[in-house]
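For reference, input.cif is printed below; it contains mmCIF, N, CA and C atoms.
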data_structure
loop_
_atom_site.label_atom_id
_atom_site.label_comp_id
_atom_site.auth_asym_id
_atom_site.auth_seq_id
_atom_site.Cartn_x
_atom_site.Cartn_y
_atom_site.Cartn_z
N PRO A 1 101.95 28.33 124.29
CA PRO A 1 100.86 28.49 125.25
C PRO A 1 100.45 29.96 125.39
N THR A 2 99.20 30.16 125.71
CA THR A 2 98.65 31.51 125.85
C THR A 2 99.06 32.12 127.19
N ASN A 3 99.50 33.37 127.15
CA ASN A 3 99.87 34.09 128.38
C ASN A 3 98.68 34.96 128.77
N PHE A 4 97.78 34.39 129.61
CA PHE A 4 96.55 35.08 129.97
C PHE A 4 96.83 36.34 130.79
N ALA A 5 97.85 36.31 131.64
CA ALA A 5 98.17 37.49 132.44
C ALA A 5 98.60 38.65 131.54
N LEU A 6 99.41 38.36 130.55
CA LEU A 6 99.86 39.40 129.62
C LEU A 6 98.69 39.94 128.80
N GLN A 7 97.80 39.06 128.37
CA GLN A 7 96.61 39.51 127.63
C GLN A 7 95.74 40.42 128.48
N ALA A 8 95.55 40.06 129.75
CA ALA A 8 94.74 40.88 130.65
C ALA A 8 95.40 42.24 130.86
N ARG A 9 96.71 42.25 131.07
CA ARG A 9 97.45 43.50 131.24
C ARG A 9 97.30 44.40 130.02
N ASN A 10 97.51 43.84 128.84
CA ASN A 10 97.42 44.63 127.61
C ASN A 10 96.01 45.17 127.39
N SER A 11 95.01 44.37 127.72
CA SER A 11 93.63 44.82 127.58
C SER A 11 93.34 46.01 128.50
N LEU A 12 93.81 45.92 129.74
CA LEU A 12 93.61 47.04 130.68
C LEU A 12 94.34 48.30 130.22
N LEU A 13 95.55 48.13 129.71
CA LEU A 13 96.29 49.30 129.23
C LEU A 13 95.57 50.00 128.08
N LYS A 14 94.92 49.24 127.21
CA LYS A 14 94.16 49.84 126.11
C LYS A 14 92.96 50.63 126.62
N GLN A 15 92.43 50.24 127.77
CA GLN A 15 91.22 50.87 128.31
C GLN A 15 91.51 51.88 129.41
N LYS A 16 92.77 52.14 129.72
CA LYS A 16 93.11 52.92 130.91
C LYS A 16 92.48 54.31 130.94
N TYR A 17 92.27 54.93 129.81
CA TYR A 17 91.67 56.28 129.80
C TYR A 17 90.18 56.23 130.10
N PHE A 18 89.55 55.10 129.81
CA PHE A 18 88.11 54.96 130.05
C PHE A 18 87.81 54.54 131.49
N ILE A 19 88.82 54.02 132.18
CA ILE A 19 88.60 53.51 133.53
C ILE A 19 89.50 54.20 134.55
N SER A 20 89.94 55.40 134.22
CA SER A 20 90.91 56.09 135.09
C SER A 20 90.34 56.44 136.47
N ASP A 21 89.02 56.55 136.59
CA ASP A 21 88.44 56.88 137.89
C ASP A 21 87.85 55.65 138.60
N VAL A 22 88.11 54.47 138.07
CA VAL A 22 87.63 53.23 138.68
C VAL A 22 88.65 52.75 139.70
N GLU A 23 88.18 52.37 140.87
CA GLU A 23 89.06 51.84 141.90
C GLU A 23 88.93 50.32 141.90
N PHE A 24 90.02 49.62 141.61
CA PHE A 24 90.04 48.17 141.64
C PHE A 24 90.57 47.72 142.99
N VAL A 25 89.88 46.78 143.61
CA VAL A 25 90.27 46.29 144.93
C VAL A 25 90.30 44.77 144.88
N CYS A 26 91.33 44.20 145.45
CA CYS A 26 91.43 42.75 145.54
C CYS A 26 91.37 42.37 147.01
N GLY A 27 90.49 41.47 147.36
CA GLY A 27 90.37 41.05 148.75
C GLY A 27 89.14 40.19 148.94
N GLN A 28 88.85 39.89 150.16
CA GLN A 28 87.66 39.10 150.49
C GLN A 28 86.42 39.99 150.39
N TYR A 29 85.41 39.49 149.74
CA TYR A 29 84.20 40.29 149.52
C TYR A 29 83.59 40.76 150.83
N TYR A 30 83.65 39.96 151.88
CA TYR A 30 83.00 40.31 153.15
C TYR A 30 83.82 41.32 153.96
N ASP A 31 85.05 41.62 153.55
CA ASP A 31 85.89 42.60 154.24
C ASP A 31 85.88 43.98 153.57
N LEU A 32 85.23 44.10 152.43
CA LEU A 32 85.27 45.35 151.67
C LEU A 32 84.47 46.45 152.35
N ASP A 33 85.02 47.65 152.31
CA ASP A 33 84.29 48.85 152.73
C ASP A 33 83.71 49.44 151.45
N ILE A 34 82.44 49.23 151.23
CA ILE A 34 81.82 49.59 149.95
C ILE A 34 81.13 50.95 150.08
N PRO A 35 81.58 51.93 149.29
CA PRO A 35 80.95 53.25 149.34
C PRO A 35 79.52 53.21 148.80
N ASP A 36 78.69 54.13 149.27
CA ASP A 36 77.32 54.25 148.75
C ASP A 36 77.35 54.48 147.25
N LYS A 37 76.31 54.04 146.58
CA LYS A 37 76.13 54.18 145.12
C LYS A 37 77.13 53.35 144.32
N SER A 38 77.75 52.37 144.96
CA SER A 38 78.70 51.51 144.26
C SER A 38 77.98 50.50 143.39
N ILE A 39 78.65 50.08 142.35
CA ILE A 39 78.23 48.96 141.53
C ILE A 39 79.32 47.92 141.66
N ILE A 40 78.92 46.68 141.93
CA ILE A 40 79.88 45.62 142.23
C ILE A 40 79.83 44.57 141.13
N TYR A 41 81.01 44.15 140.69
CA TYR A 41 81.13 43.03 139.75
C TYR A 41 81.95 41.95 140.43
N CYS A 42 81.43 40.73 140.46
CA CYS A 42 82.12 39.60 141.08
C CYS A 42 82.34 38.51 140.04
N ASP A 43 83.53 37.97 140.04
CA ASP A 43 83.86 36.84 139.17
C ASP A 43 84.44 35.74 140.06
N PRO A 44 83.56 35.09 140.84
CA PRO A 44 84.04 34.09 141.79
C PRO A 44 84.40 32.78 141.10
N PRO A 45 85.08 31.89 141.82
CA PRO A 45 85.26 30.54 141.28
C PRO A 45 83.87 29.94 141.03
N TYR A 46 83.69 29.33 139.89
CA TYR A 46 82.39 28.80 139.53
C TYR A 46 82.11 27.50 140.28
N ILE A 47 80.85 27.28 140.62
CA ILE A 47 80.44 26.05 141.30
C ILE A 47 80.71 24.86 140.40
N ASN A 48 81.21 23.79 140.99
CA ASN A 48 81.50 22.53 140.29
C ASN A 48 82.56 22.67 139.21
N THR A 49 83.50 23.59 139.41
CA THR A 49 84.65 23.70 138.51
C THR A 49 85.91 23.58 139.34
N GLU A 50 87.05 23.67 138.69
CA GLU A 50 88.34 23.52 139.36
C GLU A 50 88.47 24.51 140.51
N LYS A 51 88.90 24.03 141.65
CA LYS A 51 89.10 24.90 142.81
C LYS A 51 90.49 25.52 142.76
N TYR A 52 90.62 26.72 143.30
CA TYR A 52 91.93 27.34 143.43
C TYR A 52 91.94 28.20 144.67
N GLY A 53 93.11 28.45 145.19
CA GLY A 53 93.23 29.25 146.42
C GLY A 53 92.61 28.52 147.59
N GLU A 54 92.05 29.28 148.51
CA GLU A 54 91.45 28.72 149.72
C GLU A 54 90.04 28.20 149.47
N GLY A 55 89.50 28.43 148.30
CA GLY A 55 88.14 28.00 148.02
C GLY A 55 87.15 29.07 148.44
N LEU A 56 85.91 28.84 148.12
CA LEU A 56 84.86 29.80 148.40
C LEU A 56 83.66 29.04 148.93
N CYS A 57 83.07 29.53 149.99
CA CYS A 57 81.81 28.97 150.47
C CYS A 57 80.71 29.59 149.62
N HIS A 58 80.25 28.85 148.62
CA HIS A 58 79.29 29.39 147.66
C HIS A 58 77.99 29.83 148.31
N ASN A 59 77.50 29.09 149.30
CA ASN A 59 76.25 29.47 149.95
C ASN A 59 76.37 30.81 150.66
N THR A 60 77.48 31.02 151.38
CA THR A 60 77.70 32.28 152.08
C THR A 60 77.82 33.42 151.08
N PHE A 61 78.56 33.20 150.00
CA PHE A 61 78.73 34.23 148.98
C PHE A 61 77.38 34.57 148.32
N GLN A 62 76.61 33.55 147.97
CA GLN A 62 75.31 33.80 147.35
C GLN A 62 74.40 34.61 148.26
N ASN A 63 74.40 34.27 149.54
CA ASN A 63 73.57 35.01 150.50
C ASN A 63 74.03 36.46 150.60
N TRP A 64 75.33 36.69 150.58
CA TRP A 64 75.87 38.05 150.63
C TRP A 64 75.41 38.86 149.42
N VAL A 65 75.51 38.27 148.23
CA VAL A 65 75.10 38.97 147.01
C VAL A 65 73.61 39.28 147.04
N ILE A 66 72.81 38.30 147.38
CA ILE A 66 71.36 38.46 147.37
C ILE A 66 70.90 39.50 148.38
N SER A 67 71.56 39.56 149.53
CA SER A 67 71.08 40.44 150.60
C SER A 67 71.75 41.81 150.64
N ASN A 68 72.81 42.04 149.85
CA ASN A 68 73.45 43.35 149.96
C ASN A 68 72.63 44.42 149.24
N LYS A 69 72.87 45.67 149.61
CA LYS A 69 72.06 46.79 149.10
C LYS A 69 72.61 47.41 147.83
N TYR A 70 73.70 46.87 147.31
CA TYR A 70 74.36 47.42 146.13
C TYR A 70 74.00 46.61 144.90
N LYS A 71 73.89 47.29 143.77
CA LYS A 71 73.69 46.56 142.52
C LYS A 71 74.93 45.70 142.30
N THR A 72 74.72 44.40 142.21
CA THR A 72 75.84 43.47 142.13
C THR A 72 75.65 42.53 140.94
N TYR A 73 76.69 42.45 140.12
CA TYR A 73 76.72 41.56 138.98
C TYR A 73 77.65 40.40 139.30
N VAL A 74 77.25 39.20 138.88
CA VAL A 74 78.05 38.01 139.14
C VAL A 74 78.19 37.22 137.84
N SER A 75 79.44 36.90 137.48
CA SER A 75 79.70 36.00 136.36
C SER A 75 79.72 34.58 136.89
N SER A 76 79.02 33.69 136.20
CA SER A 76 79.01 32.30 136.62
C SER A 76 78.28 31.47 135.57
N TYR A 77 78.31 30.16 135.74
CA TYR A 77 77.48 29.30 134.90
C TYR A 77 76.09 29.18 135.51
N GLU A 78 76.02 29.17 136.83
CA GLU A 78 74.74 29.08 137.54
C GLU A 78 74.79 29.97 138.77
N PHE A 79 73.67 30.62 139.08
CA PHE A 79 73.58 31.47 140.26
C PHE A 79 72.10 31.73 140.51
N PRO A 80 71.66 31.82 141.75
CA PRO A 80 70.22 31.97 142.02
C PRO A 80 69.69 33.40 141.86
N LEU A 81 70.00 34.01 140.73
CA LEU A 81 69.51 35.35 140.41
C LEU A 81 69.08 35.38 138.95
N LYS A 82 68.51 36.51 138.55
CA LYS A 82 68.07 36.69 137.17
C LYS A 82 69.27 36.77 136.22
N VAL A 83 69.21 36.02 135.13
CA VAL A 83 70.23 36.09 134.08
C VAL A 83 69.95 37.33 133.25
N ILE A 84 70.96 38.19 133.10
CA ILE A 84 70.77 39.40 132.28
C ILE A 84 71.55 39.33 130.97
N TRP A 85 72.45 38.34 130.86
CA TRP A 85 73.22 38.16 129.64
C TRP A 85 73.78 36.75 129.65
N GLN A 86 73.92 36.15 128.47
CA GLN A 86 74.57 34.85 128.38
C GLN A 86 75.14 34.64 126.99
N LYS A 87 76.19 33.82 126.94
CA LYS A 87 76.83 33.53 125.66
C LYS A 87 77.48 32.17 125.73
N GLU A 88 77.23 31.37 124.72
CA GLU A 88 77.85 30.06 124.62
C GLU A 88 79.21 30.19 123.95
N HIS A 89 80.21 29.49 124.47
CA HIS A 89 81.55 29.52 123.87
C HIS A 89 82.33 28.29 124.30
N LYS A 90 83.47 28.09 123.65
CA LYS A 90 84.34 26.99 124.03
C LYS A 90 85.19 27.42 125.21
N SER A 91 85.24 26.59 126.21
CA SER A 91 86.08 26.87 127.38
C SER A 91 87.53 26.60 127.01
N THR A 92 88.40 27.58 127.25
CA THR A 92 89.82 27.41 126.93
C THR A 92 90.68 27.39 128.19
N LEU A 93 90.04 27.33 129.34
CA LEU A 93 90.80 27.36 130.59
C LEU A 93 90.91 25.99 131.23
N SER A 94 90.46 24.96 130.56
CA SER A 94 90.52 23.62 131.12
C SER A 94 91.89 23.01 130.90
N ALA A 95 92.38 22.29 131.90
CA ALA A 95 93.66 21.60 131.76
C ALA A 95 93.51 20.32 130.95
N THR A 96 92.27 19.83 130.80
CA THR A 96 92.06 18.55 130.14
C THR A 96 91.14 18.59 128.93
N ASN A 97 90.30 19.61 128.79
CA ASN A 97 89.32 19.63 127.71
C ASN A 97 89.05 21.05 127.24
N ASN A 98 89.81 21.51 126.25
CA ASN A 98 89.63 22.87 125.74
C ASN A 98 88.58 22.96 124.64
N ASN A 99 87.84 21.88 124.41
CA ASN A 99 86.76 21.90 123.43
C ASN A 99 85.39 21.85 124.09
N LYS A 100 85.35 21.95 125.39
CA LYS A 100 84.08 21.90 126.12
C LYS A 100 83.31 23.19 125.85
N VAL A 101 82.04 23.05 125.48
CA VAL A 101 81.19 24.20 125.23
C VAL A 101 80.45 24.53 126.51
N VAL A 102 80.54 25.79 126.92
CA VAL A 102 79.90 26.26 128.16
C VAL A 102 79.05 27.49 127.84
N THR A 103 78.12 27.80 128.72
CA THR A 103 77.33 29.01 128.58
C THR A 103 77.68 29.93 129.73
N GLU A 104 78.42 30.95 129.41
CA GLU A 104 78.82 31.98 130.38
C GLU A 104 77.61 32.86 130.62
N LYS A 105 77.33 33.19 131.89
CA LYS A 105 76.16 34.00 132.21
C LYS A 105 76.54 35.15 133.14
N LEU A 106 75.77 36.22 133.04
CA LEU A 106 75.91 37.35 133.94
C LEU A 106 74.58 37.50 134.68
N PHE A 107 74.66 37.54 136.00
CA PHE A 107 73.49 37.63 136.86
C PHE A 107 73.50 38.98 137.57
N CYS A 108 72.32 39.44 137.98
CA CYS A 108 72.23 40.69 138.73
C CYS A 108 71.21 40.55 139.84
N ASN A 109 71.51 41.17 140.99
CA ASN A 109 70.62 41.05 142.15
C ASN A 109 69.50 42.09 142.16
N MET A 110 69.42 42.97 141.18
CA MET A 110 68.35 43.99 141.17
C MET A 110 67.69 44.04 139.82
#
Any chance you could give the structure as structure tokens?
Amino acid sequence: PTNFALQARNSLLKQKYFISDVEFVCGQYYDLDIPDKSIIYCDPPYINTEKYGEGLCHNTFQNWVISNKYKTYVSSYEFPLKVIWQKEHKSTLSATNNNKVVTEKLFCNM
């Protein structure tokens, strides 16, 4: 089986010199103290996919992204913003169907 956590760790270690001044924060999006001139990237649980953790109120999150003053990028299959990038690929994170073809998209609020 694939060790996704180890792959993510190794990928970050390879890039550490390029991202040494980036501050990574884990927490609730609505609790963040966001400095001016920030760029935000969000990778929320996707709508109509497997739930994990406490879940996410997608409507509240979408409203937050749309109305905030920071350039915000969101990875998802669907989101009510302009698509700025997309790529079709096989989903490998499914517990039941690793041959499902999905279109990963990146959205931006500005």
With DSSP run on the backbone, what are the strand (DSSP E or B) residues within chain A? I'd like them as a VMD selection string. chain A and resid 39 to 42 71 to 76 82 to 90 101 to 108
Starting from the PyMOL selection byres ((chain A and resi 37) around 8), expand the selection into actual residues of this file and give them as number ranges by chain. A: 34-36, 38-40, 69-71
Which protein, DNA or RNA residues are at most 9 Å from (72.8, 37.4, 137.9) in the file's coordinates when you count only C-alpha atoms, listed as a ChimeraX atom specification? /A:72-76,78-85,105-110
Create the file for the chosen residues now, containing N, CA and C atoms and written as a short mmCIF file (atom, residue, chain, number, x, y, z; two decimals), in the coordinates of the input.
data_model
loop_
_atom_site.label_atom_id
_atom_site.label_comp_id
_atom_site.auth_asym_id
_atom_site.auth_seq_id
_atom_site.Cartn_x
_atom_site.Cartn_y
_atom_site.Cartn_z
N THR A 72 74.72 44.40 142.21
CA THR A 72 75.84 43.47 142.13
C THR A 72 75.65 42.53 140.94
N TYR A 73 76.69 42.45 140.12
CA TYR A 73 76.72 41.56 138.98
C TYR A 73 77.65 40.40 139.30
N VAL A 74 77.25 39.20 138.88
CA VAL A 74 78.05 38.01 139.14
C VAL A 74 78.19 37.22 137.84
N SER A 75 79.44 36.90 137.48
CA SER A 75 79.70 36.00 136.36
C SER A 75 79.72 34.58 136.89
N SER A 76 79.02 33.69 136.20
CA SER A 76 79.01 32.30 136.62
C SER A 76 78.28 31.47 135.57
N GLU A 78 76.02 29.17 136.83
CA GLU A 78 74.74 29.08 137.54
C GLU A 78 74.79 29.97 138.77
N PHE A 79 73.67 30.62 139.08
CA PHE A 79 73.58 31.47 140.26
C PHE A 79 72.10 31.73 140.51
N PRO A 80 71.66 31.82 141.75
CA PRO A 80 70.22 31.97 142.02
C PRO A 80 69.69 33.40 141.86
N LEU A 81 70.00 34.01 140.73
CA LEU A 81 69.51 35.35 140.41
C LEU A 81 69.08 35.38 138.95
N LYS A 82 68.51 36.51 138.55
CA LYS A 82 68.07 36.69 137.17
C LYS A 82 69.27 36.77 136.22
N VAL A 83 69.21 36.02 135.13
CA VAL A 83 70.23 36.09 134.08
C VAL A 83 69.95 37.33 133.25
N ILE A 84 70.96 38.19 133.10
CA ILE A 84 70.77 39.40 132.28
C ILE A 84 71.55 39.33 130.97
N TRP A 85 72.45 38.34 130.86
CA TRP A 85 73.22 38.16 129.64
C TRP A 85 73.78 36.75 129.65
N LYS A 105 77.33 33.19 131.89
CA LYS A 105 76.16 34.00 132.21
C LYS A 105 76.54 35.15 133.14
N LEU A 106 75.77 36.22 133.04
CA LEU A 106 75.91 37.35 133.94
C LEU A 106 74.58 37.50 134.68
N PHE A 107 74.66 37.54 136.00
CA PHE A 107 73.49 37.63 136.86
C PHE A 107 73.50 38.98 137.57
N CYS A 108 72.32 39.44 137.98
CA CYS A 108 72.23 40.69 138.73
C CYS A 108 71.21 40.55 139.84
N ASN A 109 71.51 41.17 140.99
CA ASN A 109 70.62 41.05 142.15
C ASN A 109 69.50 42.09 142.16
N MET A 110 69.42 42.97 141.18
CA MET A 110 68.35 43.99 141.17
C MET A 110 67.69 44.04 139.82
#
Name the residues that the PyMOL selection byres (((chain A and resi 15-30 and name CA) around 12) and name CA) picks from the file above, as a PDB file with N, CA and C atoms, in the coordinates of the input, using the file's chain letters and numbers.
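Final file, part.pdb:
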ATOM      1  N   ALA A   8      95.550  40.060 129.750  1.00  0.00           N
ATOM      2  CA  ALA A   8      94.740  40.880 130.650  1.00  0.00           C
ATOM      3  C   ALA A   8      95.400  42.240 130.860  1.00  0.00           C
ATOM      4  N   ARG A   9      96.710  42.250 131.070  1.00  0.00           N
ATOM      5  CA  ARG A   9      97.450  43.500 131.240  1.00  0.00           C
ATOM      6  C   ARG A   9      97.300  44.400 130.020  1.00  0.00           C
ATOM      7  N   ASN A  10      97.510  43.840 128.840  1.00  0.00           N
ATOM      8  CA  ASN A  10      97.420  44.630 127.610  1.00  0.00           C
ATOM      9  C   ASN A  10      96.010  45.170 127.390  1.00  0.00           C
ATOM     10  N   SER A  11      95.010  44.370 127.720  1.00  0.00           N
ATOM     11  CA  SER A  11      93.630  44.820 127.580  1.00  0.00           C
ATOM     12  C   SER A  11      93.340  46.010 128.500  1.00  0.00           C
ATOM     13  N   LEU A  12      93.810  45.920 129.740  1.00  0.00           N
ATOM     14  CA  LEU A  12      93.610  47.040 130.680  1.00  0.00           C
ATOM     15  C   LEU A  12      94.340  48.300 130.220  1.00  0.00           C
ATOM     16  N   LEU A  13      95.550  48.130 129.710  1.00  0.00           N
ATOM     17  CA  LEU A  13      96.290  49.300 129.230  1.00  0.00           C
ATOM     18  C   LEU A  13      95.570  50.000 128.080  1.00  0.00           C
ATOM     19  N   LYS A  14      94.920  49.240 127.210  1.00  0.00           N
ATOM     20  CA  LYS A  14      94.160  49.840 126.110  1.00  0.00           C
ATOM     21  C   LYS A  14      92.960  50.630 126.620  1.00  0.00           C
ATOM     22  N   ASP A  31      85.050  41.620 153.550  1.00  0.00           N
ATOM     23  CA  ASP A  31      85.890  42.600 154.240  1.00  0.00           C
ATOM     24  C   ASP A  31      85.880  43.980 153.570  1.00  0.00           C
ATOM     25  N   LEU A  32      85.230  44.100 152.430  1.00  0.00           N
ATOM     26  CA  LEU A  32      85.270  45.350 151.670  1.00  0.00           C
ATOM     27  C   LEU A  32      84.470  46.450 152.350  1.00  0.00           C
ATOM     28  N   ASP A  33      85.020  47.650 152.310  1.00  0.00           N
ATOM     29  CA  ASP A  33      84.290  48.850 152.730  1.00  0.00           C
ATOM     30  C   ASP A  33      83.710  49.440 151.450  1.00  0.00           C
ATOM     31  N   ILE A  34      82.440  49.230 151.230  1.00  0.00           N
ATOM     32  CA  ILE A  34      81.820  49.590 149.950  1.00  0.00           C
ATOM     33  C   ILE A  34      81.130  50.950 150.080  1.00  0.00           C
ATOM     34  N   PRO A  35      81.580  51.930 149.290  1.00  0.00           N
ATOM     35  CA  PRO A  35      80.950  53.250 149.340  1.00  0.00           C
ATOM     36  C   PRO A  35      79.520  53.210 148.800  1.00  0.00           C
ATOM     37  N   SER A  38      77.750  52.370 144.960  1.00  0.00           N
ATOM     38  CA  SER A  38      78.700  51.510 144.260  1.00  0.00           C
ATOM     39  C   SER A  38      77.980  50.500 143.390  1.00  0.00           C
ATOM     40  N   ILE A  39      78.650  50.080 142.350  1.00  0.00           N
ATOM     41  CA  ILE A  39      78.230  48.960 141.530  1.00  0.00           C
ATOM     42  C   ILE A  39      79.320  47.920 141.660  1.00  0.00           C
ATOM     43  N   ILE A  40      78.920  46.680 141.930  1.00  0.00           N
ATOM     44  CA  ILE A  40      79.880  45.620 142.230  1.00  0.00           C
ATOM     45  C   ILE A  40      79.830  44.570 141.130  1.00  0.00           C
ATOM     46  N   TYR A  41      81.010  44.150 140.690  1.00  0.00           N
ATOM     47  CA  TYR A  41      81.130  43.030 139.750  1.00  0.00           C
ATOM     48  C   TYR A  41      81.950  41.950 140.430  1.00  0.00           C
ATOM     49  N   CYS A  42      81.430  40.730 140.460  1.00  0.00           N
ATOM     50  CA  CYS A  42      82.120  39.600 141.080  1.00  0.00           C
ATOM     51  C   CYS A  42      82.340  38.510 140.040  1.00  0.00           C
ATOM     52  N   ASP A  43      83.530  37.970 140.040  1.00  0.00           N
ATOM     53  CA  ASP A  43      83.860  36.840 139.170  1.00  0.00           C
ATOM     54  C   ASP A  43      84.440  35.740 140.060  1.00  0.00           C
ATOM     55  N   PRO A  44      83.560  35.090 140.840  1.00  0.00           N
ATOM     56  CA  PRO A  44      84.040  34.090 141.790  1.00  0.00           C
ATOM     57  C   PRO A  44      84.400  32.780 141.100  1.00  0.00           C
ATOM     58  N   GLU A  54      92.050  29.280 148.510  1.00  0.00           N
ATOM     59  CA  GLU A  54      91.450  28.720 149.720  1.00  0.00           C
ATOM     60  C   GLU A  54      90.040  28.200 149.470  1.00  0.00           C
ATOM     61  N   GLY A  55      89.500  28.430 148.300  1.00  0.00           N
ATOM     62  CA  GLY A  55      88.140  28.000 148.020  1.00  0.00           C
ATOM     63  C   GLY A  55      87.150  29.070 148.440  1.00  0.00           C
ATOM     64  N   LEU A  56      85.910  28.840 148.120  1.00  0.00           N
ATOM     65  CA  LEU A  56      84.860  29.800 148.400  1.00  0.00           C
ATOM     66  C   LEU A  56      83.660  29.040 148.930  1.00  0.00           C
ATOM     67  N   CYS A  57      83.070  29.530 149.990  1.00  0.00           N
ATOM     68  CA  CYS A  57      81.810  28.970 150.470  1.00  0.00           C
ATOM     69  C   CYS A  57      80.710  29.590 149.620  1.00  0.00           C
ATOM     70  N   THR A  60      77.480  31.020 151.380  1.00  0.00           N
ATOM     71  CA  THR A  60      77.700  32.280 152.080  1.00  0.00           C
ATOM     72  C   THR A  60      77.820  33.420 151.080  1.00  0.00           C
ATOM     73  N   PHE A  61      78.560  33.200 150.000  1.00  0.00           N
ATOM     74  CA  PHE A  61      78.730  34.230 148.980  1.00  0.00           C
ATOM     75  C   PHE A  61      77.380  34.570 148.320  1.00  0.00           C
ATOM     76  N   GLN A  62      76.610  33.550 147.970  1.00  0.00           N
ATOM     77  CA  GLN A  62      75.310  33.800 147.350  1.00  0.00           C
ATOM     78  C   GLN A  62      74.400  34.610 148.260  1.00  0.00           C
ATOM     79  N   ASN A  63      74.400  34.270 149.540  1.00  0.00           N
ATOM     80  CA  ASN A  63      73.570  35.010 150.500  1.00  0.00           C
ATOM     81  C   ASN A  63      74.030  36.460 150.600  1.00  0.00           C
ATOM     82  N   TRP A  64      75.330  36.690 150.580  1.00  0.00           N
ATOM     83  CA  TRP A  64      75.870  38.050 150.630  1.00  0.00           C
ATOM     84  C   TRP A  64      75.410  38.860 149.420  1.00  0.00           C
ATOM     85  N   VAL A  65      75.510  38.270 148.230  1.00  0.00           N
ATOM     86  CA  VAL A  65      75.100  38.970 147.010  1.00  0.00           C
ATOM     87  C   VAL A  65      73.610  39.280 147.040  1.00  0.00           C
ATOM     88  N   ASN A  68      72.810  42.040 149.850  1.00  0.00           N
ATOM     89  CA  ASN A  68      73.450  43.350 149.960  1.00  0.00           C
ATOM     90  C   ASN A  68      72.630  44.420 149.240  1.00  0.00           C
ATOM     91  N   THR A  72      74.720  44.400 142.210  1.00  0.00           N
ATOM     92  CA  THR A  72      75.840  43.470 142.130  1.00  0.00           C
ATOM     93  C   THR A  72      75.650  42.530 140.940  1.00  0.00           C
TER      94      THR A  72
END
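Coordinates place atom CA of A:Val101 at a distance of 13.7 Å from atom CA of A:Thr49.
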To one decimal place in Å, what is the distance between atom N of A:His89 and atom C of A:His58? 23.9 Å
Neighbour residues at most 10 Å from (82.1, 28.4, 123.6) (only C-alpha atoms) as a JSON list (two decimals) with N, CA and C atoms, in the coordinates of the input:
[["chain", "number", "residue", "atom", "x", "y", "z"],
["A", 87, "LYS", "N", 76.19, 33.82, 126.94],
["A", 87, "LYS", "CA", 76.83, 33.53, 125.66],
["A", 87, "LYS", "C", 77.48, 32.17, 125.73],
["A", 88, "GLU", "N", 77.23, 31.37, 124.72],
["A", 88, "GLU", "CA", 77.85, 30.06, 124.62],
["A", 88, "GLU", "C", 79.21, 30.19, 123.95],
["A", 89, "HIS", "N", 80.21, 29.49, 124.47],
["A", 89, "HIS", "CA", 81.55, 29.52, 123.87],
["A", 89, "HIS", "C", 82.33, 28.29, 124.30],
["A", 90, "LYS", "N", 83.47, 28.09, 123.65],
["A", 90, "LYS", "CA", 84.34, 26.99, 124.03],
["A", 90, "LYS", "C", 85.19, 27.42, 125.21],
["A", 91, "SER", "N", 85.24, 26.59, 126.21],
["A", 91, "SER", "CA", 86.08, 26.87, 127.38],
["A", 91, "SER", "C", 87.53, 26.60, 127.01],
["A", 92, "THR", "N", 88.40, 27.58, 127.25],
["A", 92, "THR", "CA", 89.82, 27.41, 126.93],
["A", 92, "THR", "C", 90.68, 27.39, 128.19],
["A", 98, "ASN", "N", 89.81, 21.51, 126.25],
["A", 98, "ASN", "CA", 89.63, 22.87, 125.74],
["A", 98, "ASN", "C", 88.58, 22.96, 124.64],
["A", 99, "ASN", "N", 87.84, 21.88, 124.41],
["A", 99, "ASN", "CA", 86.76, 21.90, 123.43],
["A", 99, "ASN", "C", 85.39, 21.85, 124.09],
["A", 100, "LYS", "N", 85.35, 21.95, 125.39],
["A", 100, "LYS", "CA", 84.08, 21.90, 126.12],
["A", 100, "LYS", "C", 83.31, 23.19, 125.85],
["A", 101, "VAL", "N", 82.04, 23.05, 125.48],
["A", 101, "VAL", "CA", 81.19, 24.20, 125.23],
["A", 101, "VAL", "C", 80.45, 24.53, 126.51],
["A", 102, "VAL", "N", 80.54, 25.79, 126.92],
["A", 102, "VAL", "CA", 79.90, 26.26, 128.16],
["A", 102, "VAL", "C", 79.05, 27.49, 127.84],
["A", 103, "THR", "N", 78.12, 27.80, 128.72],
["A", 103, "THR", "CA", 77.33, 29.01, 128.58],
["A", 103, "THR", "C", 77.68, 29.93, 129.73],
["A", 104, "GLU", "N", 78.42, 30.95, 129.41],
["A", 104, "GLU", "CA", 78.82, 31.98, 130.38],
["A", 104, "GLU", "C", 77.61, 32.86, 130.62]]
So how many Å separate atom N of A:Glu50 and atom CA of A:Tyr77, to one decimal?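 Interatomic distance here is 11.7 Å.
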If you run DSSP on the backbone, which residues of chain A are helix (DSSP H, G or I), as a list of chain:residue names? A:Phe4, A:Ala5, A:Leu6, A:Gln7, A:Ala8, A:Arg9, A:Asn10, A:Ser11, A:Leu12, A:Leu13, A:Lys14, A:Gln15, A:Tyr29, A:Tyr30, A:Asp31, A:His58, A:Asn59, A:Thr60, A:Phe61, A:Gln62, A:Asn63, A:Trp64, A:Val65, A:Ile66, A:Ser67
